[in-house]
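K.L.:
Let me give you the structure first, and then I'll get to my questions.
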Amino acid sequence: MTAAAPGEEPLARPDSPAALFFAFNRLALQGFGGVLAVAQVELVERRRWLTKEEFLDTLSVAQVLPGPNVVNLSLMLGDRYFGLRGAAASLAGLLAVPLVIVLALAALYAQFSHWPAVSGALRGMGVVAAGLVIATALKLRSTLKRNPMGMALCLGFGALTFGAVALMRWPLASVIAVIGTLAIACAWRALK
């Protein structure tokens with residue numbers, strides 16, 4: 001774990017697997033449409049279990065592993081502090097109550113999906129989720145200053161990815177294969 005920067009408080013750590021369970025449960029219940037933005041606030045700013053850099057490093061690993069990013073992040077963080085018990089507690093906190101809520105909402109949606117207000121609400125939630133992702137990116141942009149590739153190249157890859165996915169509508173797998181490979185090559189060269 002990284003030590004706190006001079007003038008900063010030292011990082012905290014969870015007291016027990018139960019603390020991990022309740023933290024990830026709180027995180028999951030706040031993150032409607034996506035938990036990533038809430039995870040950064042909860043784990044870095046509120047609980048101070050990770051620095052911004054540690055959060056980004058852990059998230060980077062979570063993104064290349066199979067499965068949802070935040071699930072992988074919860075498993076890694078739980079394992080870091082309490083091994084298998086911590087990983088299980090984090091995962092249970094992240095998935096238990098939201099699973100019940102999603103099953104109930106699915107049953108309701110089957111009954112009311114034909115209502116225009118329901119489809120409009122779902123479109124609105126998609127916009128909110130996109131806004132949360134953008135807000136998280138803006139909060140974490142300060143860490144790009146320390147990136148070995150430099151801020152300009154990182155922003156360039158971000159813009160290229162946005163253009164390929166959002167504007168040109170390329171399949172995400174192709175974007176990751178092409179732009180991701182190019183970004184990895186640039187990072188490898190910068191670290192060399």
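Just so we're on the same page: first chain in the structure tokens is A, next is B, and so on; residues restart at 1 for each chain, and ligands are numbered from 1 in the order they show up.
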Give me the residues within 8 Å of segment 178-189 of chain A as a list in words, counting only C-alpha atoms and dropping any in the same chain fewer than 6 places off.
P.N.:
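Counting only the stated atoms, we get Pro148, Met149, Phe157, Leu160 and Thr161 of chain A.
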K.L.:
If you keep C-alpha atoms, can you produce a file of those selected residues as a short mmCIF file (atom, residue, chain, number, x, y, z; two decimals), in the first residue's frame?
P.N.:
data_model
loop_
_atom_site.label_atom_id
_atom_site.label_comp_id
_atom_site.auth_asym_id
_atom_site.auth_seq_id
_atom_site.Cartn_x
_atom_site.Cartn_y
_atom_site.Cartn_z
CA PRO A 148 4.52 7.91 -17.49
CA MET A 149 2.87 8.43 -20.89
CA PHE A 157 -6.27 7.83 -26.22
CA LEU A 160 -9.80 8.35 -29.71
CA THR A 161 -11.72 5.75 -27.72
#
K.L.:
For Ala23 of chain A, please output as an NGL selection string all residues within 8 Å (counting only C-alpha atoms; exclusion window: fewer than 6 positions along the same chain).
P.N.:
:A and (42 or 90 or 93)
K.L.:
Can you list, as a ChimeraX atom specification, every residue of segment 21-156 of chain A that DSSP puts in helix (DSSP H, G or I)?
P.N.:
/A:21-30,36-46,52-64,69-112,116-146,151-156
K.L.:
Which residues come within 12 Å of Val128 of chain A, counting only C-alpha atoms, excluding same-chain residues fewer than 5 positions away, as a PyMOL selection string?
P.N.:
chain A and resi 31-35+37+121-123+133-135
K.L.:
Segment 83-138 of chain A near segment 8-19 of chain A within 9 Å: what's each residue's closest atom pair and its distance in Å to one decimal, counting only C-alpha atoms, ordered by chain then ascending residue number, as a tab-separated table?
P.N.:
residue	atom	partner	partner_atom	distance
A:Arg85	CA	A:Pro17	CA	6.6
A:Gly86	CA	A:Pro17	CA	4.9
A:Ala87	CA	A:Pro17	CA	8.3
A:Ala88	CA	A:Pro17	CA	8.4
A:Ala89	CA	A:Pro17	CA	5.6
A:Ser90	CA	A:Pro17	CA	7.4
A:Gly93	CA	A:Ala18	CA	8.8
K.L.:
Can those selected residues be exported to a file as a short mmCIF file (atom, residue, chain, number, x, y, z; two decimals), in the first residue's frame so that it contains N, CA and C atoms?
P.N.:
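Written file, out.cif:
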data_model
loop_
_atom_site.label_atom_id
_atom_site.label_comp_id
_atom_site.auth_asym_id
_atom_site.auth_seq_id
_atom_site.Cartn_x
_atom_site.Cartn_y
_atom_site.Cartn_z
N ARG A 85 -12.02 -14.45 3.36
CA ARG A 85 -13.18 -13.95 4.11
C ARG A 85 -13.53 -12.53 3.68
N GLY A 86 -12.52 -11.69 3.49
CA GLY A 86 -12.76 -10.31 3.07
C GLY A 86 -13.31 -10.24 1.66
N ALA A 87 -12.78 -11.08 0.78
CA ALA A 87 -13.27 -11.10 -0.60
C ALA A 87 -14.74 -11.53 -0.64
N ALA A 88 -15.07 -12.56 0.14
CA ALA A 88 -16.47 -13.03 0.19
C ALA A 88 -17.39 -11.96 0.78
N ALA A 89 -16.93 -11.29 1.83
CA ALA A 89 -17.75 -10.25 2.47
C ALA A 89 -17.98 -9.08 1.52
N SER A 90 -16.94 -8.65 0.82
CA SER A 90 -17.07 -7.55 -0.14
C SER A 90 -18.04 -7.91 -1.25
N GLY A 93 -21.62 -8.07 0.02
CA GLY A 93 -22.14 -6.72 0.24
C GLY A 93 -22.51 -6.04 -1.06
#
K.L.:
From the list A:Ala39, A:Val118, A:Val100, A:Leu95, which residue is nearest Leu77 of chain A when using only C-alpha atoms?
P.N.:
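When distances to Leu77 of chain A are compared using only C-alpha atoms, the smallest one comes from A:Ala39.
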